[in-house]
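To be precise, the following lines are input_36.pdb, and they hold PDB, C-alpha atoms, pLDDT in the B column.
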```
ATOM      1  CA  MET A  74       0.000   0.000   0.000  1.00 54.00           C
ATOM      2  CA  SER A  75       1.360   3.446  -0.865  1.00 74.00           C
ATOM      3  CA  LEU A  76       1.107   6.690   1.040  1.00 85.00           C
ATOM      4  CA  SER A  77      -1.676   9.062   0.032  1.00 91.00           C
ATOM      5  CA  PHE A  78      -1.631  12.684   1.142  1.00 94.00           C
ATOM      6  CA  LEU A  79      -3.997  15.628   1.361  1.00 96.00           C
ATOM      7  CA  ALA A  80      -2.325  19.050   1.552  1.00 96.00           C
ATOM      8  CA  ASP A  81      -4.485  21.480   3.497  1.00 95.00           C
ATOM      9  CA  GLU A  82      -5.489  24.855   2.115  1.00 92.00           C
ATOM     10  CA  ASP A  83      -2.539  26.828   3.445  1.00 90.00           C
ATOM     11  CA  PHE A  84       0.132  24.228   2.728  1.00 95.00           C
ATOM     12  CA  ARG A  85       2.851  25.648   0.504  1.00 94.00           C
ATOM     13  CA  HIS A  86       2.206  24.244  -2.946  1.00 91.00           C
ATOM     14  CA  ALA A  87       5.854  24.846  -3.821  1.00 95.00           C
ATOM     15  CA  ILE A  88       6.676  21.956  -1.476  1.00 94.00           C
ATOM     16  CA  VAL A  89       4.176  19.685  -3.253  1.00 92.00           C
ATOM     17  CA  ARG A  90       5.644  20.657  -6.636  1.00 91.00           C
ATOM     18  CA  ALA A  91       9.184  20.017  -5.366  1.00 92.00           C
ATOM     19  CA  VAL A  92       8.226  16.556  -4.088  1.00 91.00           C
ATOM     20  CA  LEU A  93       6.628  15.729  -7.437  1.00 87.00           C
ATOM     21  CA  ARG A  94       9.756  16.891  -9.277  1.00 87.00           C
ATOM     22  CA  LEU A  95      11.841  14.507  -7.164  1.00 81.00           C
ATOM     23  CA  ASP A  96       9.421  11.640  -7.703  1.00 76.00           C
ATOM     24  CA  PRO A  97       6.332  12.073  -9.925  1.00 70.00           C
ATOM     25  CA  VAL A  98       4.634   8.990  -8.437  1.00 74.00           C
ATOM     26  CA  PRO A  99       3.450  10.235  -4.997  1.00 78.00           C
ATOM     27  CA  ASP A 100      -0.287  10.509  -4.476  1.00 89.00           C
ATOM     28  CA  ILE A 101      -0.704  14.069  -3.204  1.00 91.00           C
ATOM     29  CA  LEU A 102      -3.979  15.938  -3.542  1.00 93.00           C
ATOM     30  CA  THR A 103      -4.774  19.422  -2.311  1.00 94.00           C
ATOM     31  CA  VAL A 104      -7.986  20.543  -0.645  1.00 95.00           C
ATOM     32  CA  GLN A 105      -8.494  22.781  -3.670  1.00 94.00           C
ATOM     33  CA  GLN A 106      -8.444  19.752  -5.995  1.00 93.00           C
ATOM     34  CA  VAL A 107     -11.074  17.880  -3.986  1.00 95.00           C
ATOM     35  CA  GLY A 108     -13.404  20.836  -3.442  1.00 95.00           C
ATOM     36  CA  LEU A 109     -12.694  21.459   0.230  1.00 95.00           C
ATOM     37  CA  ILE A 110     -11.685  25.127   0.023  1.00 93.00           C
ATOM     38  CA  GLN A 111     -12.561  27.037   3.225  1.00 92.00           C
ATOM     39  CA  THR A 112     -13.631  23.815   4.920  1.00 95.00           C
ATOM     40  CA  PRO A 113     -13.096  23.739   8.708  1.00 96.00           C
ATOM     41  CA  ASP A 114     -10.014  21.798   9.789  1.00 95.00           C
ATOM     42  CA  ASP A 115     -11.985  19.157  11.682  1.00 95.00           C
ATOM     43  CA  GLU A 116     -13.918  18.375   8.495  1.00 96.00           C
ATOM     44  CA  ILE A 117     -10.649  18.201   6.527  1.00 97.00           C
ATOM     45  CA  LEU A 118      -9.371  15.604   9.020  1.00 97.00           C
ATOM     46  CA  THR A 119     -12.642  13.657   8.768  1.00 96.00           C
ATOM     47  CA  TRP A 120     -12.556  13.680   4.955  1.00 97.00           C
ATOM     48  CA  ALA A 121      -8.891  12.630   4.911  1.00 96.00           C
ATOM     49  CA  ALA A 122      -9.554   9.792   7.371  1.00 95.00           C
ATOM     50  CA  ALA A 123     -12.404   8.469   5.232  1.00 96.00           C
ATOM     51  CA  ALA A 124     -10.173   8.662   2.145  1.00 95.00           C
ATOM     52  CA  GLY A 125      -7.175   7.106   3.920  1.00 93.00           C
ATOM     53  CA  ARG A 126      -5.059  10.210   3.298  1.00 95.00           C
ATOM     54  CA  ILE A 127      -2.361  11.649   5.527  1.00 95.00           C
ATOM     55  CA  VAL A 128      -2.869  15.387   6.001  1.00 97.00           C
ATOM     56  CA  LEU A 129       0.015  17.755   5.262  1.00 97.00           C
ATOM     57  CA  SER A 130      -0.196  21.045   7.118  1.00 97.00           C
ATOM     58  CA  HIS A 131       1.778  23.953   8.520  1.00 96.00           C
ATOM     59  CA  ASP A 132      -0.971  24.673  11.058  1.00 94.00           C
ATOM     60  CA  THR A 133       0.138  23.587  14.514  1.00 90.00           C
ATOM     61  CA  HIS A 134      -2.383  25.854  16.240  1.00 93.00           C
ATOM     62  CA  THR A 135      -5.583  24.191  15.078  1.00 92.00           C
ATOM     63  CA  MET A 136      -4.712  21.005  13.162  1.00 95.00           C
ATOM     64  CA  ARG A 137      -2.544  19.540  15.902  1.00 95.00           C
ATOM     65  CA  PRO A 138      -5.103  19.800  18.747  1.00 96.00           C
ATOM     66  CA  LEU A 139      -7.912  18.602  16.475  1.00 96.00           C
ATOM     67  CA  ALA A 140      -5.852  15.599  15.363  1.00 96.00           C
ATOM     68  CA  GLU A 141      -4.839  14.820  18.926  1.00 96.00           C
ATOM     69  CA  ARG A 142      -8.490  14.955  19.984  1.00 96.00           C
ATOM     70  CA  ARG A 143      -9.421  12.530  17.176  1.00 95.00           C
ATOM     71  CA  ILE A 144      -6.689  10.169  18.346  1.00 95.00           C
ATOM     72  CA  ALA A 145      -7.779  10.421  22.006  1.00 95.00           C
ATOM     73  CA  GLU A 146     -11.389   9.728  21.014  1.00 96.00           C
ATOM     74  CA  GLY A 147     -10.366   6.683  18.963  1.00 95.00           C
ATOM     75  CA  GLN A 148     -11.522   8.213  15.691  1.00 96.00           C
ATOM     76  CA  PRO A 149      -9.788   7.032  12.536  1.00 93.00           C
ATOM     77  CA  MET A 150      -6.951   9.113  11.141  1.00 92.00           C
ATOM     78  CA  ALA A 151      -4.358   8.150   8.538  1.00 90.00           C
ATOM     79  CA  GLY A 152      -1.991  10.680  10.105  1.00 94.00           C
ATOM     80  CA  LEU A 153      -1.016  14.324  10.248  1.00 96.00           C
ATOM     81  CA  VAL A 154       2.377  15.583   9.096  1.00 96.00           C
ATOM     82  CA  LEU A 155       3.165  19.072  10.335  1.00 97.00           C
ATOM     83  CA  VAL A 156       5.788  20.955   8.356  1.00 96.00           C
ATOM     84  CA  PRO A 157       7.241  24.143   9.862  1.00 94.00           C
ATOM     85  CA  GLN A 158       6.717  27.231   7.672  1.00 91.00           C
ATOM     86  CA  SER A 159      10.371  28.079   8.292  1.00 93.00           C
ATOM     87  CA  LEU A 160      11.614  24.845   6.716  1.00 94.00           C
ATOM     88  CA  ALA A 161      13.195  25.460   3.314  1.00 96.00           C
ATOM     89  CA  ILE A 162      11.225  24.093   0.367  1.00 95.00           C
ATOM     90  CA  GLY A 163      14.030  21.760  -0.713  1.00 94.00           C
ATOM     91  CA  THR A 164      14.504  20.416   2.802  1.00 95.00           C
ATOM     92  CA  ALA A 165      10.765  19.869   3.265  1.00 95.00           C
ATOM     93  CA  ALA A 166      10.537  18.119  -0.121  1.00 93.00           C
ATOM     94  CA  ALA A 167      13.509  15.881   0.674  1.00 93.00           C
ATOM     95  CA  ARG A 168      12.063  14.899   4.059  1.00 92.00           C
ATOM     96  CA  LEU A 169       8.640  14.188   2.565  1.00 91.00           C
ATOM     97  CA  GLY A 170      10.363  12.226  -0.176  1.00 88.00           C
ATOM     98  CA  ALA A 171      12.078  10.109   2.477  1.00 88.00           C
ATOM     99  CA  LEU A 172       8.696   9.386   4.085  1.00 86.00           C
ATOM    100  CA  ILE A 173       7.281   8.403   0.710  1.00 85.00           C
ATOM    101  CA  GLN A 174      10.245   6.119   0.007  1.00 84.00           C
ATOM    102  CA  ALA A 175       9.699   4.395   3.360  1.00 80.00           C
ATOM    103  CA  GLY A 176       6.312   3.253   2.007  1.00 77.00           C
ATOM    104  CA  ASP A 177       4.485   0.710   4.149  1.00 73.00           C
ATOM    105  CA  GLU A 178       6.800   1.237   7.105  1.00 77.00           C
ATOM    106  CA  ALA A 179       5.986   4.975   7.160  1.00 75.00           C
ATOM    107  CA  LEU A 180       2.301   4.221   6.654  1.00 74.00           C
ATOM    108  CA  GLU A 181       2.260   2.120   9.816  1.00 79.00           C
ATOM    109  CA  ASP A 182       4.242   4.751  11.737  1.00 81.00           C
ATOM    110  CA  LEU A 183       1.993   7.639  10.676  1.00 85.00           C
ATOM    111  CA  ALA A 184      -1.402   5.979  11.133  1.00 87.00           C
ATOM    112  CA  GLY A 185      -3.207   7.673  14.000  1.00 90.00           C
ATOM    113  CA  GLN A 186      -0.221   9.894  14.757  1.00 92.00           C
ATOM    114  CA  VAL A 187       0.876  13.514  14.583  1.00 94.00           C
ATOM    115  CA  HIS A 188       4.327  13.692  13.020  1.00 92.00           C
ATOM    116  CA  PHE A 189       6.600  16.734  12.837  1.00 93.00           C
ATOM    117  CA  LEU A 190       8.776  16.916   9.753  1.00 90.00           C
TER     118      LEU A 190
END
```
Give the structure from the file, written as structure tokens.
Amino acid sequence: MSLSFLADEDFRHAIVRAVLRLDPVPDILTVQQVGLIQTPDDEILTWAAAAGRIVLSHDTHTMRPLAERRIAEGQPMAGLVLVPQSLAIGTAAARLGALIQAGDEALEDLAGQVHFL
């Protein structure tokens, strides 16, 4: 099984493009592509869980506590990867690329977890 991602609305698309330049295979969708623009974060997490997608976000202020609440309540969640805004695009892309290359191992590690890149 491969990793599938959903980049939230404010996630830097330059990072997504950089990851896809390194490896055009990753399954990364944006909330804009799936029609979830201006959707509340808790609904983004619910949609991503139903779709089996790991959420990519820079938002530690709302996404992190919402994800942690989902985990505490036993709700499904494929995972949340938080990427600091200050992280250089190339560094963020390389680190995401490493997660993608880890494949099934990363999928098991990220399921139901909040991960900081």
For the point (-0.4, 19.3, 3.0) in file coordinates, what residues are within 6 Å, counting all atoms listed in the file? Give the answer as number ranges by chain?
-> A: 79-81, 84, 128-130
I would like the residues chosen by the PyMOL selection byres ((chain A and resi 151) around 8) on the shown file; could you give them as a PyMOL selection string?
-> chain A and resi 121-122+125-128+149-150+152-153+180+183-186
Taking the file as shown, find all residues satisfying the PyMOL selection byres ((chain A and resi 105) around 12) and write them as JSON, numbers by chain.
-> {"A": [79, 80, 81, 82, 83, 84, 86, 101, 102, 103, 104, 106, 107, 108, 109, 110, 111, 112, 117]}
Generate the output file for the selected residues, C-alpha atoms, as a tab-separated table (two decimals), in the coordinates of the input.
```tsv
chain	number	residue	atom	x	y	z
A	79	LEU	CA	-4.00	15.63	1.36
A	80	ALA	CA	-2.33	19.05	1.55
A	81	ASP	CA	-4.49	21.48	3.50
A	82	GLU	CA	-5.49	24.86	2.12
A	83	ASP	CA	-2.54	26.83	3.44
A	84	PHE	CA	0.13	24.23	2.73
A	86	HIS	CA	2.21	24.24	-2.95
A	101	ILE	CA	-0.70	14.07	-3.20
A	102	LEU	CA	-3.98	15.94	-3.54
A	103	THR	CA	-4.77	19.42	-2.31
A	104	VAL	CA	-7.99	20.54	-0.64
A	106	GLN	CA	-8.44	19.75	-6.00
A	107	VAL	CA	-11.07	17.88	-3.99
A	108	GLY	CA	-13.40	20.84	-3.44
A	109	LEU	CA	-12.69	21.46	0.23
A	110	ILE	CA	-11.68	25.13	0.02
A	111	GLN	CA	-12.56	27.04	3.22
A	112	THR	CA	-13.63	23.82	4.92
A	117	ILE	CA	-10.65	18.20	6.53
```
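Within the file as shown, the PyMOL selection byres ((chain A and resi 188) around 6) identifies A:Val154, A:Val187, A:Phe189.
The two atoms in question, atom CA of Leu76 of chain A and atom CA of Gly176 of chain A, are spaced 6.3 Å apart.
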Centre and size of axis-aligned box enclosing segment 136-147 of chain A plus 6 Å each side, as JSON:
```
{"center_x": -7.0, "center_y": 13.8, "center_z": 17.6, "size_x": 20.8, "size_y": 26.3, "size_z": 20.8}
```
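Reported to one decimal place, the separation of atom CA of Ala140 of chain A from atom CA of Leu190 of chain A is 15.7 Å.
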Work out how far apart atom CA of Ala165 of chain A and atom CA of Arg90 of chain A are and give it in Å to one decimal.
-> 11.2 Å
Can you list, as a PyMOL selection string, every protein, DNA or RNA residue that comes within 9 Å of Met136 of chain A when you count only C-alpha atoms, leaving out same-chain residues fewer than 2 positions away?
-> chain A and resi 114-115+118+130-134+138-141+153+155
Selected residue, from A:Ala145, A:Arg85, A:Phe78, A:Asp96, that lies nearest to Gln158 of chain A when counting only C-alpha atoms = A:Arg85
Name the closest residue to Ser75 of chain A among the candidates A:Ile162, A:Ala167, A:Ala175, A:Ala87; distances are taken between atoms, counting all atoms listed in the file.
-> A:Ala175
For Ile88 of chain A, list every protein, DNA or RNA residue within 9 Å, evaluated using only C-alpha atoms, and leave out those in the same chain fewer than 5 positions away; present the list as number ranges by chain.
-> A: 93, 161-163, 165-166, 169
